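Undergrad: Okay, so here is run.txt, and as you'll see once you scroll down, it has compact mmCIF, C-alpha atoms.
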```
# COMPACT_ATOMS: atom_id res chain seq x y z
CA MET A 33 290.95 52.73 45.59
CA THR A 34 288.16 52.94 48.16
CA GLU A 35 285.14 55.20 47.79
CA LEU A 36 286.51 57.51 50.49
CA GLN A 37 289.83 57.82 48.68
CA LYS A 38 287.96 58.55 45.47
CA CYS A 39 286.05 61.27 47.26
CA TYR A 40 289.23 62.92 48.54
CA PHE A 41 291.02 62.57 45.21
CA GLY A 42 288.03 63.81 43.26
CA PHE A 43 287.59 66.77 45.58
CA ILE A 44 291.27 67.74 45.30
CA PHE A 45 291.09 67.27 41.53
CA VAL A 46 288.11 69.62 41.22
CA ILE A 47 289.79 72.25 43.43
CA PHE A 48 293.03 71.97 41.43
CA ILE A 49 291.21 72.51 38.17
CA PHE A 50 289.41 75.52 39.62
CA MET A 51 292.75 77.14 40.42
CA LYS A 52 293.84 77.00 36.77
CA THR A 53 290.93 78.60 35.03
CA GLU A 54 290.76 80.12 31.58
CA GLN A 55 288.40 82.67 30.10
CA GLN A 56 285.64 80.16 29.41
CA LEU A 57 285.96 78.56 32.87
CA LYS A 58 284.78 80.68 35.76
CA PHE A 59 283.83 79.46 39.21
CA THR A 60 280.26 80.07 40.35
CA PRO A 61 278.57 78.99 43.61
CA THR A 62 276.33 76.55 41.70
CA VAL A 63 279.37 74.34 41.04
CA PHE A 64 279.21 73.16 44.65
CA THR A 65 275.73 74.11 45.82
CA ILE A 66 273.75 72.02 43.33
CA PRO A 67 275.83 68.82 43.82
CA LEU A 68 275.66 69.29 47.60
CA LEU A 69 271.91 69.87 47.44
CA PHE A 70 271.43 66.73 45.38
CA VAL A 71 273.51 64.63 47.79
CA PHE A 72 271.80 66.17 50.81
CA THR A 73 268.37 65.37 49.35
CA ILE A 74 269.06 61.68 48.81
CA TRP A 75 270.45 61.39 52.35
CA PHE A 76 267.46 63.26 53.76
CA VAL A 77 265.03 60.92 51.98
CA TYR A 78 266.88 57.92 53.39
CA TRP A 79 266.79 59.49 56.87
CA LEU A 80 263.01 59.86 56.58
CA GLU A 81 262.71 56.16 55.76
CA ILE A 82 264.78 55.19 58.80
CA LYS A 83 263.21 57.73 61.13
CA PHE A 84 259.57 56.86 60.41
CA GLY A 85 259.98 53.28 59.21
CA TRP A 86 258.83 54.08 55.70
CA ASN A 87 259.78 52.22 52.55
CA PHE A 88 259.84 54.18 49.32
CA ASN A 89 260.89 51.29 47.08
CA LYS A 90 257.44 51.23 45.47
CA PHE A 91 258.23 54.68 44.05
CA GLY A 92 261.04 53.20 41.96
CA VAL A 93 260.93 52.52 38.24
CA TYR A 94 258.77 49.50 37.47
CA PRO A 95 259.27 48.61 33.80
CA ARG A 96 256.45 48.64 31.26
CA ASN A 97 253.85 49.48 33.88
CA PHE A 98 252.07 52.84 33.72
CA SER A 99 252.23 53.35 37.48
CA GLY A 100 255.93 52.54 37.37
CA LEU A 101 256.60 55.73 35.39
CA LYS A 102 256.59 57.74 38.61
CA GLY A 103 259.94 56.14 39.33
CA VAL A 104 261.45 58.12 36.43
CA PHE A 105 261.30 61.16 38.73
CA CYS A 106 261.46 59.52 42.17
CA SER A 107 263.90 56.63 41.89
CA PRO A 108 267.15 58.71 41.92
CA PHE A 109 266.32 59.82 45.48
CA ILE A 110 265.59 56.32 46.88
CA HIS A 111 268.27 53.89 48.12
CA SER A 112 268.19 50.47 49.71
CA ASP A 113 270.85 50.91 52.42
CA THR A 114 273.70 53.15 53.58
CA ASN A 115 276.27 51.30 51.47
CA HIS A 116 274.18 51.85 48.35
CA LEU A 117 273.68 55.48 49.32
CA PHE A 118 277.34 56.20 50.05
CA ASN A 119 278.57 54.49 46.86
CA ASN A 120 276.33 56.79 44.82
CA SER A 121 276.97 59.96 46.83
CA VAL A 122 280.71 60.18 46.16
CA PRO A 123 280.70 59.96 42.35
CA LEU A 124 277.47 61.96 42.22
CA PHE A 125 279.11 64.92 43.93
CA VAL A 126 282.41 64.79 42.02
CA LEU A 127 280.92 64.24 38.56
CA SER A 128 278.10 66.75 38.97
CA ALA A 129 280.63 69.35 40.19
CA CYS A 130 282.66 68.71 37.02
CA LEU A 131 279.49 69.00 34.95
CA PHE A 132 278.51 72.38 36.40
CA TYR A 133 282.04 73.74 36.13
CA PHE A 134 283.16 72.60 32.69
CA TYR A 135 279.75 72.48 31.01
CA LYS A 136 277.79 75.12 32.92
CA GLU A 137 275.86 76.29 29.84
CA ILE A 138 274.20 72.90 29.38
CA ALA A 139 274.60 71.36 32.84
CA VAL A 140 270.96 71.75 33.91
CA LYS A 141 269.69 70.31 30.61
CA VAL A 142 272.02 67.32 30.85
CA LEU A 143 271.06 66.64 34.45
CA ILE A 144 267.28 67.03 34.09
CA TYR A 145 266.59 65.87 30.53
CA GLY A 146 269.29 63.23 30.73
CA GLY A 147 267.88 61.93 34.01
CA ILE A 148 264.39 61.68 32.55
CA ILE A 149 265.56 59.87 29.42
CA THR A 150 267.68 57.51 31.53
CA GLY A 151 264.61 56.67 33.62
CA LEU A 152 262.42 56.16 30.56
CA LEU A 153 264.99 53.93 28.90
CA THR A 154 265.25 51.89 32.09
CA TRP A 155 261.45 51.63 32.14
CA LEU A 156 261.56 50.22 28.61
CA ILE A 157 264.38 47.67 28.82
CA ALA A 158 264.71 46.62 32.48
CA ARG A 159 263.48 43.49 34.24
CA GLU A 160 260.15 43.53 36.05
CA SER A 161 261.31 44.77 39.41
CA TYR A 162 261.56 48.08 41.26
CA HIS A 163 264.69 49.92 40.15
CA ILE A 164 265.90 52.52 42.64
CA GLY A 165 268.98 54.64 43.28
CA ALA A 166 270.92 57.51 41.71
CA SER A 167 273.30 55.15 39.92
CA GLY A 168 271.57 55.84 36.60
CA ILE A 169 272.36 59.55 37.05
CA VAL A 170 275.92 58.70 38.05
CA TYR A 171 276.43 56.70 34.85
CA LEU A 172 274.82 59.52 32.86
CA LEU A 173 277.32 62.03 34.30
CA PHE A 174 280.24 59.63 33.95
CA SER A 175 279.44 58.97 30.30
CA PHE A 176 278.81 62.61 29.42
CA VAL A 177 281.98 63.94 31.08
CA LEU A 178 284.06 61.11 29.61
CA PHE A 179 282.90 61.33 26.00
CA SER A 180 282.48 65.12 25.88
CA GLY A 181 286.15 65.73 26.62
CA ILE A 182 287.24 63.26 23.94
CA ILE A 183 284.81 64.54 21.31
CA ARG A 184 285.60 68.22 21.88
CA LYS A 185 289.40 67.64 21.77
CA ASN A 186 290.06 70.40 24.28
CA TYR A 187 293.21 69.53 26.22
CA ARG A 188 291.69 70.37 29.61
CA LEU A 189 288.47 68.47 28.96
CA VAL A 190 290.44 65.48 27.67
CA ALA A 191 292.39 65.55 30.96
CA VAL A 192 289.07 65.54 32.84
CA SER A 193 288.01 62.50 30.79
CA PHE A 194 291.15 60.57 31.68
CA ILE A 195 290.81 61.46 35.35
CA THR A 196 287.21 60.23 35.16
CA ILE A 197 288.40 56.93 33.71
CA PHE A 198 291.02 56.64 36.44
CA LEU A 199 288.49 57.28 39.21
CA TYR A 200 285.44 55.45 37.93
CA GLY A 201 286.55 53.40 34.92
CA SER A 202 285.73 50.15 36.75
CA MET A 203 282.05 51.17 36.73
CA VAL A 204 281.84 50.14 33.08
CA TRP A 205 281.68 46.48 34.13
CA TYR A 206 278.41 47.11 35.95
CA VAL A 207 276.52 47.83 32.74
CA LEU A 208 276.58 44.05 32.37
CA PRO A 209 274.48 41.58 34.42
CA ILE A 210 277.39 40.43 36.59
CA LYS A 211 275.90 41.06 40.03
CA ASP A 212 272.55 39.97 41.42
CA GLY A 213 270.30 42.67 42.84
CA MET A 214 271.98 45.45 40.83
CA SER A 215 270.11 47.39 38.18
CA TRP A 216 272.59 47.00 35.34
CA GLU A 217 269.82 48.16 32.99
CA GLY A 218 269.74 51.53 34.76
CA HIS A 219 273.52 51.78 34.47
CA LEU A 220 273.41 50.94 30.76
CA SER A 221 270.62 53.45 30.19
CA GLY A 222 272.65 56.20 31.85
CA LEU A 223 275.78 55.30 29.87
CA ILE A 224 273.92 55.40 26.55
CA THR A 225 272.12 58.63 27.39
CA GLY A 226 275.33 60.37 28.45
CA PHE A 227 277.03 59.39 25.18
CA VAL A 228 274.09 60.67 23.12
CA PHE A 229 274.04 63.98 25.00
CA ALA A 230 277.81 64.33 24.52
CA LEU A 231 277.22 64.08 20.76
CA LEU A 232 274.22 66.42 20.77
CA TYR A 233 275.99 69.15 22.73
CA ARG A 234 279.46 68.71 21.22
CA LYS A 235 279.40 72.26 19.83
CA ARG A 236 278.07 73.92 22.98
CA GLY A 237 280.38 75.39 25.60
CA ILE A 238 284.11 74.85 25.41
CA VAL A 239 285.31 73.50 22.06
CA LYS A 240 288.69 72.85 20.52
CA GLU A 241 290.66 76.06 20.21
CA LYS A 242 291.58 77.09 16.68
CA PHE A 243 294.79 78.94 16.01
CA GLU A 244 295.55 81.12 13.03
CA PHE A 245 299.17 81.86 12.26
CA SER A 246 300.23 85.03 10.48
CA LYS A 247 302.25 84.57 7.31
CA THR A 248 305.85 85.65 7.07
CA GLU A 249 308.01 86.37 4.02
CA PHE A 250 309.34 82.82 4.26
CA ASP A 251 305.80 81.39 3.92
CA THR A 252 305.25 83.29 0.67
CA MET A 253 308.10 81.32 -0.91
CA PHE A 254 305.94 78.15 -0.99
CA ASP A 255 302.68 77.41 -2.76
CA GLU A 256 299.63 75.61 -1.26
CA GLU A 257 301.19 72.21 -2.01
CA GLY A 258 304.47 73.07 -0.32
CA ASN A 259 306.52 73.58 -3.48
CA TYR A 260 309.28 76.15 -3.39
CA VAL A 261 308.51 79.19 -5.48
CA PRO A 262 311.31 81.73 -5.38
CA PRO A 263 310.14 85.30 -5.40
CA VAL A 264 310.61 87.39 -8.51
CA VAL A 265 312.96 90.22 -7.75
CA GLU A 266 312.28 93.32 -9.74
CA GLU A 267 315.05 95.89 -9.63
CA GLU A 268 314.44 99.39 -10.68
CA ILE A 269 317.48 101.07 -12.21
CA GLU A 270 317.43 104.78 -11.93
CA LEU A 271 318.94 106.33 -15.05
CA LYS A 272 320.75 109.60 -14.72
CA GLU A 273 319.62 112.36 -16.96
CA ILE A 274 322.12 112.94 -19.76
CA ASN A 275 322.53 116.44 -21.05
CA TYR A 276 323.90 117.02 -24.55
CA LYS A 277 325.70 120.20 -25.58
CA TYR A 278 325.99 120.97 -29.25
CA ILE A 279 328.75 123.24 -30.61
CA TYR A 280 328.31 124.58 -34.14
CA LYS A 281 331.42 125.49 -36.07
CA GLU A 282 331.42 127.79 -39.06
CA LYS A 283 332.31 126.17 -42.35
CA GLU A 284 335.88 127.02 -43.40
CA GLN A 285 336.30 128.59 -46.86
CA ASP A 286 338.86 127.16 -49.26
```
When written as structure tokens, how does the structure in this file appear?
TA:
Amino acid sequence: MTELQKCYFGFIFVIFIFMKTEQQLKFTPTVFTIPLLFVFTIWFVYWLEIKFGWNFNKFGVYPRNFSGLKGVFCSPFIHSDTNHLFNNSVPLFVLSACLFYFYKEIAVKVLIYGGIITGLLTWLIARESYHIGASGIVYLLFSFVLFSGIIRKNYRLVAVSFITIFLYGSMVWYVLPIKDGMSWEGHLSGLITGFVFALLYRKRGIVKEKFEFSKTEFDTMFDEEGNYVPPVVEEEIELKEINYKYIYKEKEQD
């Protein structure tokens, strides 16, 4: 499946889910506006580089160097070429839209705090090179959406997790050093951070629905261990009032 096909499928998937909302799931403009703003920003930054001949790579994450910490905040907006930019834009929009729809209560925290932790973890473990691109954020969102649905055991969120695997499951391979010039450390950092946040926020937002069933007369015939206990039938017999009539006879004389 090409990136364009993923974009179409992901967009249709998000719209389909929106049409079948429940009480805890309500559409708000931020579901689309924030993902679109994020994607627009990274394209605008790339346009500035092309337009004025600038190169922002030096603002990427440079591991274990104090000046390289600025990349924790800047690197998600910097990309090497249009292919790199487009490959990140599609999953970034789809996954962030899912985040702000299904997990709106914690979406901003996951995106901001998760992005910072992903950048810091990359700064700690990555090779000495400039690490740029929003792929760390993409892996953060992928991991959080995937594991949150499974952990929460809500049928709709589990469905979102499986759709995420179907769309972007192949991304898991890129947390390994299998391709030169790719920041697999950033991918791994995002994957780990998303999993940790899914655990931390497992009780926030939509959780598994609990059902309580009312007991019937049939249920009262069994104890807690499932053993049959027939009910004791107590019958009340109404006794009729008995009236006695005494007749006294005079004693006969001999």
Undergrad: Return as JSON the centre and edge lengths, in Å with one decimal, of the box along x, y and z that encloses every atom of range 116-120 of chain A in the file, padded by 5 Å per side.
TA:
```
{"center_x": 276.1, "center_y": 54.3, "center_z": 47.4, "size_x": 14.9, "size_y": 14.9, "size_z": 15.2}
```
Undergrad: Could you pull the residues within 12 Å of Gly147 in chain A, counting only C-alpha atoms, minus those fewer than 6 positions along the same chain, as a ChimeraX atom specification?
TA: /A:103-109,139-141,153-154,165-173,176,218-219,221-226,229
Undergrad: So how many Å separate CA of Ile66 in chain A and CA of Tyr94 in chain A, to one decimal?
TA: 27.7 Å
Undergrad: Would you list the contacts of Gly100 in chain A as an MDAnalysis selection string, taking every protein, DNA or RNA residue within 12 Å and counting all atoms listed in the file, but skipping same-chain residues closer than 5 positions in sequence?
TA: chainID A and resid 89:95 105:107 151:152 154:156 158 160:164
Undergrad: Counting only C-alpha atoms, which residues sit no farther than 6 Å from the position (277.4, 70.3, 40.7) in the file's frame? I'd like them as a list in words.
TA: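 Those residues lying close to the given coordinates are Val63, Phe64, Ile66, Pro67, Ser128, Ala129 and Phe132 of chain A.
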Undergrad: Any idea what the distance is between CA of Phe98 in chain A and CA of Ile157 in chain A?
TA: 14.2 Å
Undergrad: Which one of A:Val228, A:Asn119, A:Leu220, A:Leu131 sits closest to Gly146 in chain A if you count only C-alpha atoms?
TA: A:Val228
Undergrad: Please measure the separation of CA of Val190 in chain A and CA of Val71 in chain A, giving the value in Å to one decimal.
TA: 26.3 Å
